[in-house]
$ cat run-v9.tsv   # TSV, C-alpha atoms
chain	number	residue	atom	x	y	z
A	1	MET	CA	-7.17	19.04	97.33
A	2	SER	CA	-4.70	16.17	97.17
A	3	VAL	CA	-5.10	15.89	93.39
A	4	PHE	CA	-4.15	19.54	92.86
A	5	THR	CA	-1.32	19.29	95.37
A	6	GLU	CA	0.02	16.31	93.41
A	7	LEU	CA	-0.27	18.27	90.15
A	8	GLN	CA	1.60	21.16	91.73
A	9	ASN	CA	4.32	18.82	93.03
A	10	ARG	CA	4.75	17.45	89.51
A	11	GLY	CA	5.41	20.95	88.17
A	12	PHE	CA	1.96	22.12	87.11
A	13	LYS	CA	2.45	25.87	87.44
A	14	ASP	CA	-0.85	27.57	86.64
A	15	ILE	CA	-4.45	27.08	85.54
A	16	PHE	CA	-5.95	29.79	83.36
A	17	ILE	CA	-9.61	28.82	83.74
A	18	ALA	CA	-11.26	25.84	85.39
A	19	CYS	CA	-14.80	24.84	84.49
A	20	VAL	CA	-16.08	22.73	87.36
A	21	ASP	CA	-19.30	20.80	87.71
A	22	GLY	CA	-20.32	21.58	91.26
A	23	LEU	CA	-18.31	19.14	93.34
A	24	ILE	CA	-18.26	20.42	96.91
A	25	ASP	CA	-15.10	22.38	97.79
A	26	LEU	CA	-13.52	21.86	94.35
A	27	PRO	CA	-13.49	25.59	93.47
A	28	GLU	CA	-11.96	26.42	96.85
A	29	ALA	CA	-9.29	23.73	96.44
A	30	ILE	CA	-8.31	25.13	93.05
A	31	GLU	CA	-8.23	28.71	94.34
A	32	VAL	CA	-6.02	27.80	97.31
A	33	LEU	CA	-3.26	26.24	95.19
A	34	TYR	CA	-3.75	28.34	92.05
A	35	PRO	CA	-4.99	31.74	93.26
A	36	HIS	CA	-5.01	33.38	89.80
A	37	THR	CA	-7.31	30.76	88.29
A	38	ARG	CA	-10.74	31.81	87.10
A	39	VAL	CA	-13.12	29.16	88.40
A	40	GLN	CA	-16.26	28.86	86.31
A	41	LEU	CA	-19.21	26.70	87.37
A	42	CYS	CA	-20.77	24.57	84.66
A	43	MET	CA	-24.03	26.27	83.69
A	44	VAL	CA	-25.60	22.98	82.63
A	45	HIS	CA	-25.06	21.63	86.15
A	46	MET	CA	-26.32	24.88	87.71
A	47	VAL	CA	-29.54	24.74	85.67
A	48	ARG	CA	-29.96	21.02	86.36
A	49	ASN	CA	-29.53	21.61	90.11
A	50	SER	CA	-31.98	24.53	89.95
A	51	LEU	CA	-34.63	22.48	88.17
A	52	LYS	CA	-34.59	19.88	90.96
A	53	TYR	CA	-36.83	22.23	92.93
A	54	VAL	CA	-39.26	23.02	90.09
A	55	SER	CA	-42.52	21.27	89.34
A	56	TYR	CA	-42.75	19.69	85.91
A	57	LYS	CA	-45.28	22.20	84.57
A	58	HIS	CA	-42.91	25.15	85.22
A	59	ARG	CA	-39.62	23.57	84.12
A	60	LYS	CA	-39.48	24.95	80.57
A	61	GLU	CA	-40.34	28.46	81.68
A	62	VAL	CA	-37.86	28.45	84.58
A	63	ALA	CA	-35.13	27.01	82.34
A	64	ALA	CA	-35.78	29.75	79.75
A	65	ASP	CA	-35.54	32.44	82.44
A	66	LEU	CA	-32.29	30.93	83.77
A	67	LYS	CA	-30.87	30.88	80.24
A	68	LEU	CA	-31.37	34.65	80.08
A	69	ILE	CA	-29.02	34.95	83.06
A	70	TYR	CA	-26.08	32.91	81.79
A	71	SER	CA	-26.45	34.00	78.16
A	72	ALA	CA	-26.45	37.71	79.00
A	73	ALA	CA	-23.87	39.87	77.25
A	74	THR	CA	-22.43	41.41	80.42
A	75	GLU	CA	-22.29	40.73	84.14
A	76	THR	CA	-24.52	43.73	84.83
A	77	GLU	CA	-27.14	42.45	82.40
A	78	ALA	CA	-26.96	39.02	84.03
A	79	GLN	CA	-27.55	40.57	87.46
A	80	VAL	CA	-30.62	42.37	86.09
A	81	TYR	CA	-31.95	39.07	84.72
A	82	LEU	CA	-31.26	37.38	88.06
A	83	GLU	CA	-33.28	40.09	89.83
A	84	LEU	CA	-36.13	39.68	87.33
A	85	PHE	CA	-35.97	35.93	87.87
A	86	ALA	CA	-36.16	36.43	91.65
A	87	GLU	CA	-39.16	38.77	91.34
A	88	LYS	CA	-40.99	36.26	89.16
A	89	TRP	CA	-40.12	32.97	90.87
A	90	ASP	CA	-39.02	33.59	94.48
A	91	ARG	CA	-42.51	33.11	95.87
A	92	GLN	CA	-42.64	29.55	94.48
A	93	TYR	CA	-38.97	28.62	94.20
A	94	GLY	CA	-36.97	30.94	96.43
A	95	SER	CA	-34.07	28.54	96.80
A	96	ILE	CA	-33.09	28.89	93.12
A	97	SER	CA	-32.19	32.58	93.13
A	98	LYS	CA	-30.58	32.09	96.55
A	99	MET	CA	-28.37	29.32	95.10
A	100	TRP	CA	-27.39	31.46	92.08
A	101	ARG	CA	-26.48	34.39	94.36
A	102	MET	CA	-24.46	32.10	96.62
A	103	HIS	CA	-22.45	30.83	93.63
A	104	TRP	CA	-22.38	34.16	91.75
A	105	SER	CA	-18.60	34.62	92.11
A	106	HIS	CA	-18.15	31.38	90.13
A	107	VAL	CA	-20.76	32.31	87.51
A	108	VAL	CA	-19.33	35.71	86.51
A	109	PRO	CA	-15.95	34.62	85.05
A	110	LEU	CA	-17.96	33.62	81.99
A	111	PHE	CA	-18.67	37.27	81.14
A	112	ALA	CA	-14.98	38.19	80.74
A	113	PHE	CA	-14.74	36.21	77.49
A	114	PRO	CA	-16.08	36.66	73.97
A	115	GLU	CA	-19.06	34.63	72.79
A	116	ASP	CA	-17.11	31.89	70.98
A	117	ILE	CA	-15.05	31.16	74.10
A	118	ARG	CA	-18.15	31.25	76.32
A	119	LYS	CA	-19.76	28.48	74.30
A	120	VAL	CA	-16.88	26.24	75.27
A	121	ILE	CA	-16.40	27.15	78.93
A	122	TYR	CA	-20.01	27.47	80.09
A	123	THR	CA	-20.22	23.70	80.37
A	124	THR	CA	-17.86	20.82	81.05
A	125	ASN	CA	-19.40	18.73	78.24
A	126	ALA	CA	-17.18	20.04	75.41
A	127	THR	CA	-14.04	19.45	77.47
A	128	ARG	CA	-15.13	15.91	78.28
A	129	SER	CA	-15.74	15.27	74.59
A	130	VAL	CA	-12.23	16.41	73.62
A	131	ASN	CA	-10.68	14.37	76.44
A	132	MET	CA	-12.54	11.29	75.23
A	133	SER	CA	-11.27	11.84	71.67
A	134	LEU	CA	-7.69	12.26	72.90
A	135	ARG	CA	-7.99	9.10	75.01
A	136	LYS	CA	-9.11	7.11	71.96
A	137	VAL	CA	-6.00	8.16	70.05
A	138	THR	CA	-3.49	7.77	72.89
A	139	ARG	CA	-4.91	4.61	74.48
A	140	ASN	CA	-2.85	2.18	72.38
A	141	HIS	CA	0.39	4.17	72.45
A	142	ARG	CA	2.70	3.50	75.37
A	143	ILE	CA	5.69	5.41	74.06
A	144	PHE	CA	5.50	8.65	72.12
A	145	PRO	CA	8.16	9.82	69.69
A	146	PRO	CA	9.70	13.30	69.99
A	147	MET	CA	7.51	16.24	71.02
A	148	ARG	CA	6.72	17.33	67.46
A	149	GLN	CA	5.13	13.98	66.58
A	150	SER	CA	3.39	13.74	69.97
A	151	THR	CA	1.82	17.12	69.34
A	152	ARG	CA	0.66	15.90	65.95
A	153	TRP	CA	-0.92	12.81	67.54
A	154	CYS	CA	-2.81	14.95	70.04
A	155	THR	CA	-3.94	17.69	67.64
A	156	TRP	CA	-5.13	15.30	64.95
A	157	PRO	CA	-8.29	14.16	66.80
A	158	CYS	CA	-9.09	17.80	67.56
A	159	THR	CA	-9.16	18.61	63.85
A	160	THR	CA	-11.53	15.72	63.16
A	161	LEU	CA	-14.02	16.34	65.98
A	162	PRO	CA	-17.68	16.52	64.90
A	163	ARG	CA	-18.97	20.07	64.70
A	164	SER	CA	-22.04	19.67	66.90
A	165	GLY	CA	-23.28	21.10	70.19
A	166	PRO	CA	-21.27	24.07	71.40
A	167	CYS	CA	-18.56	23.36	68.77
A	168	ARG	CA	-20.46	24.12	65.56
A	169	SER	CA	-18.04	26.64	64.09
A	170	ALA	CA	-14.28	26.50	63.70
A	171	THR	CA	-13.84	29.61	65.87
A	172	GLY	CA	-16.12	28.25	68.58
A	173	CYS	CA	-14.65	24.77	68.70
A	174	LEU	CA	-12.78	23.77	71.80
A	175	HIS	CA	-9.66	22.61	70.01
A	176	SER	CA	-9.10	25.96	68.32
A	177	THR	CA	-9.73	27.71	71.63
A	178	VAL	CA	-7.25	25.51	73.46
A	179	LEU	CA	-4.65	25.99	70.74
A	180	ARG	CA	-5.12	29.78	70.77
A	181	LEU	CA	-4.91	29.91	74.56
A	182	ASN	CA	-1.76	27.78	74.50
A	183	LEU	CA	-0.20	30.18	72.04
A	184	GLY	CA	-0.66	32.91	74.66
A	185	SER	CA	-3.06	35.18	72.81
A	186	ASP	CA	-4.15	37.90	75.24
A	187	SER	CA	-6.65	39.24	72.72
A	188	LEU	CA	-9.17	36.58	73.77
A	189	ILE	CA	-9.93	38.31	77.06
A	190	LYS	CA	-11.80	41.58	77.16
$ encode --input "run-v9.tsv" --output "structure tokens"
Amino acid sequence: MSVFTELQNRGFKDIFIACVDGLIDLPEAIEVLYPHTRVQLCMVHMVRNSLKYVSYKHRKEVAADLKLIYSAATETEAQVYLELFAEKWDRQYGSISKMWRMHWSHVVPLFAFPEDIRKVIYTTNATRSVNMSLRKVTRNHRIFPPMRQSTRWCTWPCTTLPRSGPCRSATGCLHSTVLRLNLGSDSLIK
């Protein structure tokens, strides 16, 4: 909470969407200080935490059934897949569907966005990759010239990022998403 309070004290006004990786009380801390923020849990962390309870021989099958939930086209479809998952696996692994239901309010923000945005926000990995690329460029620079050149320094690594993982296409890449969101395009949200 202190980190977000410090950000707010420094003038940080709003967060559009926050993809968090399951740290205890982090979503609540964000929602207290930034009530309009959509808090999205990282699906990779959710699946990883779910598979802790699964025996090795069932892992691939359980992971495939969980993927149906978070890759569904709509929230309603995802709920149907969650119910099907519960019917199939609750006898052996009842804690998994219970955990997904408990965190459901932080799973559903994903379904408000089109597919190319979902590929970026369903996990924290793409964001970490961009942050690492920006750190490489800015690490040796103590003083930045005027804003126009600073922007150029920070957008350059985004244009040279490898197109792998969730960022295979130009429209699905995190840097184009961030740039479009910063430009204030409301057409990205359904």
$ atom_distance --input "run-v9.tsv" --atom1 "CA of Arg59 (chain A)" --atom2 "CA of Val47 (chain A)"
10.3 Å
$ atom_distance --input "run-v9.tsv" --atom1 "CA of Met99 (chain A)" --atom2 "CA of Leu84 (chain A)"
15.1 Å
$ closest_residue --input "run-v9.tsv" --among "A:Pro35, A:Pro27, A:Tyr53, A:Tyr70" --to "Lys119 (chain A)" --atoms "only C-alpha atoms"
A:Tyr70
$ closest_residue --input "run-v9.tsv" --among "A:Ile15, A:Ala63, A:Leu41, A:Ala73" --to "Val107 (chain A)" --atoms "only C-alpha atoms"
A:Leu41
$ residues_around --input "run-v9.tsv" --residues "Asp65 (chain A)" --least-positions-apart "4" --cutoff "8 Å" --atoms "all atoms listed in the file" --output "ChimeraX atom specification"
/A:61,69,81,85
$ closest_residue --input "run-v9.tsv" --among "A:Arg139, A:Lys52, A:Arg128, A:His103" --to "Gln40 (chain A)" --atoms "all atoms listed in the file"
A:His103
$ atom_distance --input "run-v9.tsv" --atom1 "CA of Tyr34 (chain A)" --atom2 "CA of Gly11 (chain A)"
12.4 Å
$ residues_around --input "run-v9.tsv" --residues "Ile30 (chain A)" --least-positions-apart "3" --cutoff "10 Å" --atoms "all atoms listed in the file" --output "list in words"
Met1, Val3, Phe4, Thr5, Ile15, Ala18, Val20, Asp25, Leu26, Pro27, Leu33, Tyr34, Pro35, His36, Thr37, Arg38 and Val39 of chain A
$ residues_around --input "run-v9.tsv" --residues "Leu82 (chain A)" --least-positions-apart "5" --cutoff "10 Å" --atoms "all atoms listed in the file" --output "ChimeraX atom specification"
/A:65-66,68-70,76-77,87-88,97,100-101
$ residues_around --input "run-v9.tsv" --residues "Val54 (chain A)" --least-positions-apart "2" --cutoff "12 Å" --atoms "only C-alpha atoms" --output "PyMOL selection string"
chain A and resi 47-52+56-63+89-90+92-96
$ decode --input "run-v9.tsv" --residues "region 66-106 of chain A" --atoms "N, CA and C atoms" --output "PDB file, in the first residue's frame"
ATOM      1  N   LEU A  66      -8.112 -25.605 -17.968  1.00  0.00           N
ATOM      2  CA  LEU A  66      -8.020 -24.238 -17.444  1.00  0.00           C
ATOM      3  C   LEU A  66      -7.842 -23.225 -18.571  1.00  0.00           C
ATOM      4  N   LYS A  67      -7.114 -23.610 -19.605  1.00  0.00           N
ATOM      5  CA  LYS A  67      -6.907 -22.707 -20.737  1.00  0.00           C
ATOM      6  C   LYS A  67      -8.240 -22.383 -21.423  1.00  0.00           C
ATOM      7  N   LEU A  68      -9.153 -23.330 -21.436  1.00  0.00           N
ATOM      8  CA  LEU A  68     -10.480 -23.069 -22.010  1.00  0.00           C
ATOM      9  C   LEU A  68     -11.173 -21.933 -21.259  1.00  0.00           C
ATOM     10  N   ILE A  69     -10.935 -21.851 -19.959  1.00  0.00           N
ATOM     11  CA  ILE A  69     -11.583 -20.806 -19.147  1.00  0.00           C
ATOM     12  C   ILE A  69     -11.039 -19.437 -19.517  1.00  0.00           C
ATOM     13  N   TYR A  70      -9.719 -19.246 -19.447  1.00  0.00           N
ATOM     14  CA  TYR A  70      -9.190 -17.899 -19.652  1.00  0.00           C
ATOM     15  C   TYR A  70      -9.052 -17.515 -21.125  1.00  0.00           C
ATOM     16  N   SER A  71      -9.215 -18.468 -22.029  1.00  0.00           N
ATOM     17  CA  SER A  71      -9.183 -18.111 -23.455  1.00  0.00           C
ATOM     18  C   SER A  71     -10.581 -18.046 -24.062  1.00  0.00           C
ATOM     19  N   ALA A  72     -11.607 -18.117 -23.236  1.00  0.00           N
ATOM     20  CA  ALA A  72     -12.981 -18.019 -23.727  1.00  0.00           C
ATOM     21  C   ALA A  72     -13.226 -16.639 -24.338  1.00  0.00           C
ATOM     22  N   ALA A  73     -14.191 -16.571 -25.233  1.00  0.00           N
ATOM     23  CA  ALA A  73     -14.476 -15.310 -25.926  1.00  0.00           C
ATOM     24  C   ALA A  73     -15.206 -14.310 -25.037  1.00  0.00           C
ATOM     25  N   THR A  74     -16.048 -14.800 -24.134  1.00  0.00           N
ATOM     26  CA  THR A  74     -16.833 -13.915 -23.271  1.00  0.00           C
ATOM     27  C   THR A  74     -16.777 -14.408 -21.829  1.00  0.00           C
ATOM     28  N   GLU A  75     -17.212 -13.544 -20.939  1.00  0.00           N
ATOM     29  CA  GLU A  75     -17.264 -13.918 -19.520  1.00  0.00           C
ATOM     30  C   GLU A  75     -18.251 -15.063 -19.289  1.00  0.00           C
ATOM     31  N   THR A  76     -19.379 -15.020 -19.965  1.00  0.00           N
ATOM     32  CA  THR A  76     -20.389 -16.071 -19.820  1.00  0.00           C
ATOM     33  C   THR A  76     -19.831 -17.412 -20.257  1.00  0.00           C
ATOM     34  N   GLU A  77     -19.130 -17.416 -21.383  1.00  0.00           N
ATOM     35  CA  GLU A  77     -18.520 -18.654 -21.878  1.00  0.00           C
ATOM     36  C   GLU A  77     -17.473 -19.160 -20.889  1.00  0.00           C
ATOM     37  N   ALA A  78     -16.721 -18.259 -20.304  1.00  0.00           N
ATOM     38  CA  ALA A  78     -15.705 -18.646 -19.318  1.00  0.00           C
ATOM     39  C   ALA A  78     -16.355 -19.270 -18.087  1.00  0.00           C
ATOM     40  N   GLN A  79     -17.486 -18.712 -17.657  1.00  0.00           N
ATOM     41  CA  GLN A  79     -18.199 -19.289 -16.509  1.00  0.00           C
ATOM     42  C   GLN A  79     -18.687 -20.696 -16.821  1.00  0.00           C
ATOM     43  N   VAL A  80     -19.156 -20.909 -18.050  1.00  0.00           N
ATOM     44  CA  VAL A  80     -19.593 -22.249 -18.464  1.00  0.00           C
ATOM     45  C   VAL A  80     -18.413 -23.214 -18.406  1.00  0.00           C
ATOM     46  N   TYR A  81     -17.267 -22.790 -18.921  1.00  0.00           N
ATOM     47  CA  TYR A  81     -16.073 -23.642 -18.878  1.00  0.00           C
ATOM     48  C   TYR A  81     -15.611 -23.897 -17.441  1.00  0.00           C
ATOM     49  N   LEU A  82     -15.771 -22.924 -16.571  1.00  0.00           N
ATOM     50  CA  LEU A  82     -15.415 -23.124 -15.161  1.00  0.00           C
ATOM     51  C   LEU A  82     -16.338 -24.170 -14.526  1.00  0.00           C
ATOM     52  N   GLU A  83     -17.621 -24.098 -14.853  1.00  0.00           N
ATOM     53  CA  GLU A  83     -18.567 -25.102 -14.338  1.00  0.00           C
ATOM     54  C   GLU A  83     -18.232 -26.492 -14.869  1.00  0.00           C
ATOM     55  N   LEU A  84     -17.907 -26.588 -16.152  1.00  0.00           N
ATOM     56  CA  LEU A  84     -17.513 -27.881 -16.733  1.00  0.00           C
ATOM     57  C   LEU A  84     -16.241 -28.401 -16.074  1.00  0.00           C
ATOM     58  N   PHE A  85     -15.308 -27.491 -15.808  1.00  0.00           N
ATOM     59  CA  PHE A  85     -14.082 -27.871 -15.120  1.00  0.00           C
ATOM     60  C   PHE A  85     -14.415 -28.423 -13.730  1.00  0.00           C
ATOM     61  N   ALA A  86     -15.299 -27.739 -13.015  1.00  0.00           N
ATOM     62  CA  ALA A  86     -15.669 -28.167 -11.660  1.00  0.00           C
ATOM     63  C   ALA A  86     -16.338 -29.540 -11.686  1.00  0.00           C
ATOM     64  N   GLU A  87     -17.222 -29.759 -12.643  1.00  0.00           N
ATOM     65  CA  GLU A  87     -17.884 -31.069 -12.752  1.00  0.00           C
ATOM     66  C   GLU A  87     -16.873 -32.181 -12.994  1.00  0.00           C
ATOM     67  N   LYS A  88     -15.877 -31.895 -13.819  1.00  0.00           N
ATOM     68  CA  LYS A  88     -14.897 -32.913 -14.188  1.00  0.00           C
ATOM     69  C   LYS A  88     -13.854 -33.161 -13.100  1.00  0.00           C
ATOM     70  N   TRP A  89     -13.390 -32.099 -12.422  1.00  0.00           N
ATOM     71  CA  TRP A  89     -12.220 -32.219 -11.564  1.00  0.00           C
ATOM     72  C   TRP A  89     -12.466 -32.002 -10.077  1.00  0.00           C
ATOM     73  N   ASP A  90     -13.634 -31.544  -9.661  1.00  0.00           N
ATOM     74  CA  ASP A  90     -13.839 -31.219  -8.244  1.00  0.00           C
ATOM     75  C   ASP A  90     -13.683 -32.416  -7.311  1.00  0.00           C
ATOM     76  N   ARG A  91     -14.004 -33.592  -7.778  1.00  0.00           N
ATOM     77  CA  ARG A  91     -13.868 -34.766  -6.916  1.00  0.00           C
ATOM     78  C   ARG A  91     -12.407 -34.995  -6.537  1.00  0.00           C
ATOM     79  N   GLN A  92     -11.491 -34.751  -7.489  1.00  0.00           N
ATOM     80  CA  GLN A  92     -10.066 -34.973  -7.222  1.00  0.00           C
ATOM     81  C   GLN A  92      -9.364 -33.701  -6.732  1.00  0.00           C
ATOM     82  N   TYR A  93      -9.707 -32.569  -7.355  1.00  0.00           N
ATOM     83  CA  TYR A  93      -9.001 -31.323  -7.067  1.00  0.00           C
ATOM     84  C   TYR A  93     -10.003 -30.189  -6.839  1.00  0.00           C
ATOM     85  N   GLY A  94     -10.776 -30.298  -5.808  1.00  0.00           N
ATOM     86  CA  GLY A  94     -11.828 -29.322  -5.531  1.00  0.00           C
ATOM     87  C   GLY A  94     -11.317 -27.922  -5.213  1.00  0.00           C
ATOM     88  N   SER A  95     -10.109 -27.833  -4.738  1.00  0.00           N
ATOM     89  CA  SER A  95      -9.571 -26.521  -4.360  1.00  0.00           C
ATOM     90  C   SER A  95      -9.296 -25.626  -5.572  1.00  0.00           C
ATOM     91  N   ILE A  96      -9.134 -26.221  -6.760  1.00  0.00           N
ATOM     92  CA  ILE A  96      -8.808 -25.414  -7.944  1.00  0.00           C
ATOM     93  C   ILE A  96      -9.994 -24.557  -8.356  1.00  0.00           C
ATOM     94  N   SER A  97     -11.153 -25.174  -8.545  1.00  0.00           N
ATOM     95  CA  SER A  97     -12.322 -24.381  -8.963  1.00  0.00           C
ATOM     96  C   SER A  97     -12.731 -23.403  -7.859  1.00  0.00           C
ATOM     97  N   LYS A  98     -12.519 -23.802  -6.611  1.00  0.00           N
ATOM     98  CA  LYS A  98     -12.807 -22.903  -5.485  1.00  0.00           C
ATOM     99  C   LYS A  98     -11.908 -21.659  -5.555  1.00  0.00           C
ATOM    100  N   MET A  99     -10.621 -21.863  -5.863  1.00  0.00           N
ATOM    101  CA  MET A  99      -9.686 -20.747  -5.975  1.00  0.00           C
ATOM    102  C   MET A  99     -10.070 -19.833  -7.137  1.00  0.00           C
ATOM    103  N   TRP A 100     -10.448 -20.402  -8.287  1.00  0.00           N
ATOM    104  CA  TRP A 100     -10.835 -19.595  -9.442  1.00  0.00           C
ATOM    105  C   TRP A 100     -12.098 -18.792  -9.146  1.00  0.00           C
ATOM    106  N   ARG A 101     -13.046 -19.404  -8.440  1.00  0.00           N
ATOM    107  CA  ARG A 101     -14.270 -18.661  -8.081  1.00  0.00           C
ATOM    108  C   ARG A 101     -13.958 -17.534  -7.096  1.00  0.00           C
ATOM    109  N   MET A 102     -13.059 -17.798  -6.165  1.00  0.00           N
ATOM    110  CA  MET A 102     -12.689 -16.794  -5.172  1.00  0.00           C
ATOM    111  C   MET A 102     -12.034 -15.575  -5.840  1.00  0.00           C
ATOM    112  N   HIS A 103     -11.265 -15.811  -6.891  1.00  0.00           N
ATOM    113  CA  HIS A 103     -10.557 -14.733  -7.582  1.00  0.00           C
ATOM    114  C   HIS A 103     -11.264 -14.280  -8.857  1.00  0.00           C
ATOM    115  N   TRP A 104     -12.499 -14.718  -9.075  1.00  0.00           N
ATOM    116  CA  TRP A 104     -13.196 -14.481 -10.337  1.00  0.00           C
ATOM    117  C   TRP A 104     -13.313 -12.993 -10.683  1.00  0.00           C
ATOM    118  N   SER A 105     -13.514 -12.138  -9.686  1.00  0.00           N
ATOM    119  CA  SER A 105     -13.653 -10.709  -9.972  1.00  0.00           C
ATOM    120  C   SER A 105     -12.369 -10.118 -10.558  1.00  0.00           C
ATOM    121  N   HIS A 106     -11.229 -10.777 -10.345  1.00  0.00           N
ATOM    122  CA  HIS A 106      -9.971 -10.306 -10.905  1.00  0.00           C
ATOM    123  C   HIS A 106      -9.542 -11.118 -12.120  1.00  0.00           C
TER     124      HIS A 106
END
